[in-house]
Amino acid sequence: MTDPKIVTVKLPEEVYQEIALRIPEGDRSDFIREAIAEKLQKTPKPDKLLALETRMAQLEEQFGQIKKYLADLDILTFQHGKINPYQYATDELDRKIIEYLMNYKSTTTPELADYLKTNRWLVLNRLQKIEKNSKKQAGKAIIEYYAGERSGKKKAWWIDEELIQE
């Protein structure tokens, strides 16, 4: 043991009574020291966790960029039914948005807000997030906004039916 430090600990009366009952008086310090060491072994080091999270995020971004470049070069082909659109949903609201688009193929933000009975700005933010995340991870967005008229709808969000799993 290297240069021990003194630590004072306040324990609840019940815990102290348990230690006094179970551990002989001369062994209590060793017991508490070992218990702390054991608990520290199970607790991950925050600096290592942070470094791993940062590295993982960088790898995901680099992988997404590679997929994007390959998609731009048409090397990576997207075949019908290869992407599960629900993997880009973070909660129930996102799932409902994707489900609506799967059923109706397109929607405007106000239509979707009325259907979900929520704020249209929230819906717009969620649509943009789904578009951004799918483009980042898959190299191509599963939903896209088209401002012009398409199939009788203007300024609507469309799901890319060729990419999604049915």
# chains A, B, ... in the order shown; residues from 1 in each chain; ligands from 1
>>> residues_around(residues="region 109-120 of chain A", least_positions_apart="2", cutoff="12 Å", atoms="only C-alpha atoms", output="short mmCIF file (atom, residue, chain, number, x, y, z; two decimals) with N, CA, C and O atoms, in the first residue's frame")
data_model
loop_
_atom_site.label_atom_id
_atom_site.label_comp_id
_atom_site.auth_asym_id
_atom_site.auth_seq_id
_atom_site.Cartn_x
_atom_site.Cartn_y
_atom_site.Cartn_z
N GLU A 92 -41.59 8.26 -29.63
CA GLU A 92 -42.90 7.91 -30.18
C GLU A 92 -43.37 8.91 -31.24
O GLU A 92 -43.97 8.53 -32.24
N LEU A 93 -43.08 10.19 -31.04
CA LEU A 93 -43.49 11.21 -32.00
C LEU A 93 -42.81 10.98 -33.35
O LEU A 93 -43.47 11.03 -34.40
N ASP A 94 -41.52 10.70 -33.34
CA ASP A 94 -40.80 10.40 -34.58
C ASP A 94 -41.38 9.15 -35.26
O ASP A 94 -41.53 9.11 -36.48
N ARG A 95 -41.72 8.13 -34.47
CA ARG A 95 -42.31 6.91 -35.04
C ARG A 95 -43.63 7.21 -35.73
O ARG A 95 -43.94 6.68 -36.79
N LYS A 96 -44.44 8.07 -35.09
CA LYS A 96 -45.73 8.43 -35.69
C LYS A 96 -45.53 9.21 -36.99
O LYS A 96 -46.27 9.03 -37.95
N ILE A 97 -44.54 10.08 -37.01
CA ILE A 97 -44.23 10.85 -38.23
C ILE A 97 -43.84 9.90 -39.36
O ILE A 97 -44.36 9.99 -40.47
N ILE A 98 -42.95 8.97 -39.05
CA ILE A 98 -42.49 8.03 -40.08
C ILE A 98 -43.64 7.12 -40.52
O ILE A 98 -43.81 6.85 -41.71
N GLU A 99 -44.45 6.68 -39.59
CA GLU A 99 -45.59 5.84 -39.92
C GLU A 99 -46.57 6.57 -40.85
O GLU A 99 -47.06 6.00 -41.82
N TYR A 100 -46.82 7.84 -40.54
CA TYR A 100 -47.71 8.65 -41.38
C TYR A 100 -47.14 8.76 -42.80
O TYR A 100 -47.85 8.57 -43.79
N LEU A 101 -45.85 9.03 -42.89
CA LEU A 101 -45.22 9.14 -44.22
C LEU A 101 -45.21 7.80 -44.96
O LEU A 101 -45.34 7.77 -46.18
N TYR A 104 -48.96 7.55 -46.21
CA TYR A 104 -49.44 8.56 -47.15
C TYR A 104 -48.40 9.04 -48.16
O TYR A 104 -48.72 9.85 -49.02
N SER A 106 -46.46 11.29 -48.53
CA SER A 106 -46.06 12.69 -48.43
C SER A 106 -46.99 13.43 -47.47
O SER A 106 -48.09 12.96 -47.20
N THR A 107 -46.51 14.56 -47.00
CA THR A 107 -47.32 15.38 -46.11
C THR A 107 -46.73 16.77 -46.02
O THR A 107 -45.55 16.96 -46.24
N LEU A 122 -42.57 22.05 -33.91
CA LEU A 122 -42.00 20.83 -33.35
C LEU A 122 -41.92 19.75 -34.44
O LEU A 122 -40.91 19.07 -34.59
N VAL A 123 -42.99 19.63 -35.21
CA VAL A 123 -43.03 18.66 -36.30
C VAL A 123 -41.95 18.97 -37.33
O VAL A 123 -41.23 18.07 -37.78
N LEU A 124 -41.81 20.24 -37.69
CA LEU A 124 -40.79 20.64 -38.65
C LEU A 124 -39.39 20.30 -38.15
O LEU A 124 -38.57 19.75 -38.90
N ASN A 125 -39.13 20.59 -36.89
CA ASN A 125 -37.81 20.27 -36.32
C ASN A 125 -37.55 18.77 -36.36
O ASN A 125 -36.44 18.32 -36.67
N ARG A 126 -38.57 17.98 -36.05
CA ARG A 126 -38.41 16.52 -36.06
C ARG A 126 -38.17 16.00 -37.48
O ARG A 126 -37.33 15.13 -37.70
N LEU A 127 -38.91 16.54 -38.46
CA LEU A 127 -38.71 16.13 -39.85
C LEU A 127 -37.28 16.45 -40.30
O LEU A 127 -36.62 15.62 -40.94
N GLN A 128 -36.81 17.63 -39.96
CA GLN A 128 -35.44 18.03 -40.35
C GLN A 128 -34.41 17.15 -39.67
O GLN A 128 -33.39 16.78 -40.27
N TYR A 145 -37.66 17.32 -48.37
CA TYR A 145 -38.63 18.40 -48.56
C TYR A 145 -38.55 18.85 -50.00
O TYR A 145 -37.47 19.07 -50.55
N TYR A 146 -39.71 18.99 -50.64
CA TYR A 146 -39.76 19.49 -52.01
C TYR A 146 -40.71 20.68 -52.03
O TYR A 146 -41.90 20.55 -51.73
N ALA A 147 -40.17 21.86 -52.34
CA ALA A 147 -40.94 23.09 -52.28
C ALA A 147 -41.91 23.24 -53.45
O ALA A 147 -42.96 23.87 -53.32
N LYS A 153 -49.29 18.18 -54.51
CA LYS A 153 -48.93 18.79 -53.22
C LYS A 153 -47.80 19.77 -53.42
O LYS A 153 -46.83 19.49 -54.10
N LYS A 154 -47.94 20.92 -52.75
CA LYS A 154 -46.89 21.93 -52.77
C LYS A 154 -46.25 22.00 -51.40
O LYS A 154 -46.92 21.83 -50.39
N LYS A 155 -44.97 22.27 -51.39
CA LYS A 155 -44.21 22.44 -50.14
C LYS A 155 -44.47 21.28 -49.18
O LYS A 155 -44.96 21.46 -48.08
N ALA A 156 -44.11 20.08 -49.62
CA ALA A 156 -44.41 18.89 -48.83
C ALA A 156 -43.15 18.07 -48.57
O ALA A 156 -42.15 18.20 -49.28
N TRP A 157 -43.25 17.21 -47.55
CA TRP A 157 -42.20 16.26 -47.22
C TRP A 157 -42.55 14.93 -47.88
O TRP A 157 -43.69 14.49 -47.81
N TRP A 158 -41.56 14.29 -48.48
CA TRP A 158 -41.77 13.03 -49.19
C TRP A 158 -40.83 11.97 -48.63
O TRP A 158 -39.68 12.25 -48.32
#
>>> atom_distance(atom1="CA of Val15 (chain A)", atom2="CA of Ile32 (chain A)")
11.8 Å
>>> select_by_dssp(residues="chain A", states="alpha helix (DSSP H)", output="VMD selection string")
chain A and resid 13 to 22 28 to 42 46 to 72 92 to 104 109 to 116 120 to 138
>>> write_last_selection(atoms="C-alpha atoms", output="short mmCIF file (atom, residue, chain, number, x, y, z; two decimals), in the first residue's frame")
data_model
loop_
_atom_site.label_atom_id
_atom_site.label_comp_id
_atom_site.auth_asym_id
_atom_site.auth_seq_id
_atom_site.Cartn_x
_atom_site.Cartn_y
_atom_site.Cartn_z
CA GLU A 13 -26.50 4.67 12.44
CA GLU A 14 -27.95 1.47 10.89
CA VAL A 15 -24.89 0.97 8.66
CA TYR A 16 -22.50 1.58 11.55
CA GLN A 17 -24.38 -0.93 13.71
CA GLU A 18 -24.17 -3.55 10.89
CA ILE A 19 -20.42 -3.01 10.54
CA ALA A 20 -19.96 -3.19 14.33
CA LEU A 21 -21.98 -6.41 14.43
CA ARG A 22 -20.36 -8.17 11.50
CA ARG A 28 -12.97 -2.50 10.14
CA SER A 29 -10.48 -0.20 8.42
CA ASP A 30 -9.34 -3.00 6.12
CA PHE A 31 -12.96 -3.92 5.38
CA ILE A 32 -13.93 -0.33 4.47
CA ARG A 33 -10.74 0.13 2.40
CA GLU A 34 -11.45 -3.08 0.45
CA ALA A 35 -15.11 -2.13 -0.04
CA ILE A 36 -14.10 1.23 -1.50
CA ALA A 37 -11.46 -0.37 -3.75
CA GLU A 38 -14.01 -2.95 -4.95
CA LYS A 39 -16.58 -0.26 -5.74
CA LEU A 40 -13.96 1.79 -7.62
CA GLN A 41 -13.11 -1.25 -9.77
CA LYS A 42 -16.73 -1.39 -10.91
CA PRO A 46 -14.96 9.29 -16.69
CA ASP A 47 -12.01 10.53 -18.72
CA LYS A 48 -11.74 7.20 -20.52
CA LEU A 49 -15.50 7.12 -21.12
CA LEU A 50 -15.44 10.63 -22.52
CA ALA A 51 -12.52 9.76 -24.77
CA LEU A 52 -14.33 6.63 -26.01
CA GLU A 53 -17.56 8.55 -26.66
CA THR A 54 -15.65 11.23 -28.58
CA ARG A 55 -13.80 8.63 -30.62
CA MET A 56 -17.04 6.75 -31.35
CA ALA A 57 -18.74 9.95 -32.54
CA GLN A 58 -15.78 10.70 -34.81
CA LEU A 59 -15.88 7.18 -36.26
CA GLU A 60 -19.63 7.42 -36.89
CA GLU A 61 -19.20 10.75 -38.64
CA GLN A 62 -16.31 9.49 -40.76
CA PHE A 63 -18.27 6.37 -41.68
CA GLY A 64 -21.25 8.55 -42.64
CA GLN A 65 -19.00 10.71 -44.81
CA ILE A 66 -17.60 7.65 -46.54
CA LYS A 67 -21.13 6.38 -47.21
CA LYS A 68 -22.11 9.81 -48.52
CA TYR A 69 -19.11 9.94 -50.87
CA LEU A 70 -19.83 6.44 -52.12
CA ALA A 71 -23.49 7.32 -52.65
CA ASP A 72 -22.48 10.46 -54.55
CA GLU A 92 -42.90 7.91 -30.18
CA LEU A 93 -43.49 11.21 -32.00
CA ASP A 94 -40.80 10.40 -34.58
CA ARG A 95 -42.31 6.91 -35.04
CA LYS A 96 -45.73 8.43 -35.69
CA ILE A 97 -44.23 10.85 -38.23
CA ILE A 98 -42.49 8.03 -40.08
CA GLU A 99 -45.59 5.84 -39.92
CA TYR A 100 -47.71 8.65 -41.38
CA LEU A 101 -45.22 9.14 -44.22
CA MET A 102 -45.09 5.39 -44.86
CA ASN A 103 -48.88 5.32 -45.22
CA TYR A 104 -49.44 8.56 -47.15
CA THR A 109 -45.98 20.23 -41.98
CA PRO A 110 -49.42 21.68 -41.04
CA GLU A 111 -51.17 18.43 -42.09
CA LEU A 112 -48.85 16.40 -39.95
CA ALA A 113 -49.17 18.79 -37.00
CA ASP A 114 -52.98 18.50 -37.17
CA TYR A 115 -52.76 14.71 -37.34
CA LEU A 116 -50.38 14.54 -34.35
CA ARG A 120 -46.08 22.51 -36.38
CA TRP A 121 -42.67 23.91 -35.42
CA LEU A 122 -42.00 20.83 -33.35
CA VAL A 123 -43.03 18.66 -36.30
CA LEU A 124 -40.79 20.64 -38.65
CA ASN A 125 -37.81 20.27 -36.32
CA ARG A 126 -38.41 16.52 -36.06
CA LEU A 127 -38.71 16.13 -39.85
CA GLN A 128 -35.44 18.03 -40.35
CA LYS A 129 -33.73 15.93 -37.68
CA ILE A 130 -34.88 12.67 -39.30
CA GLU A 131 -33.70 13.94 -42.68
CA LYS A 132 -30.31 15.01 -41.30
CA ASN A 133 -29.71 11.82 -39.29
CA SER A 134 -30.66 9.51 -42.14
CA LYS A 135 -28.43 11.43 -44.55
CA LYS A 136 -25.55 11.34 -42.04
CA GLN A 137 -25.88 7.63 -41.28
CA ALA A 138 -27.04 6.15 -44.58
#
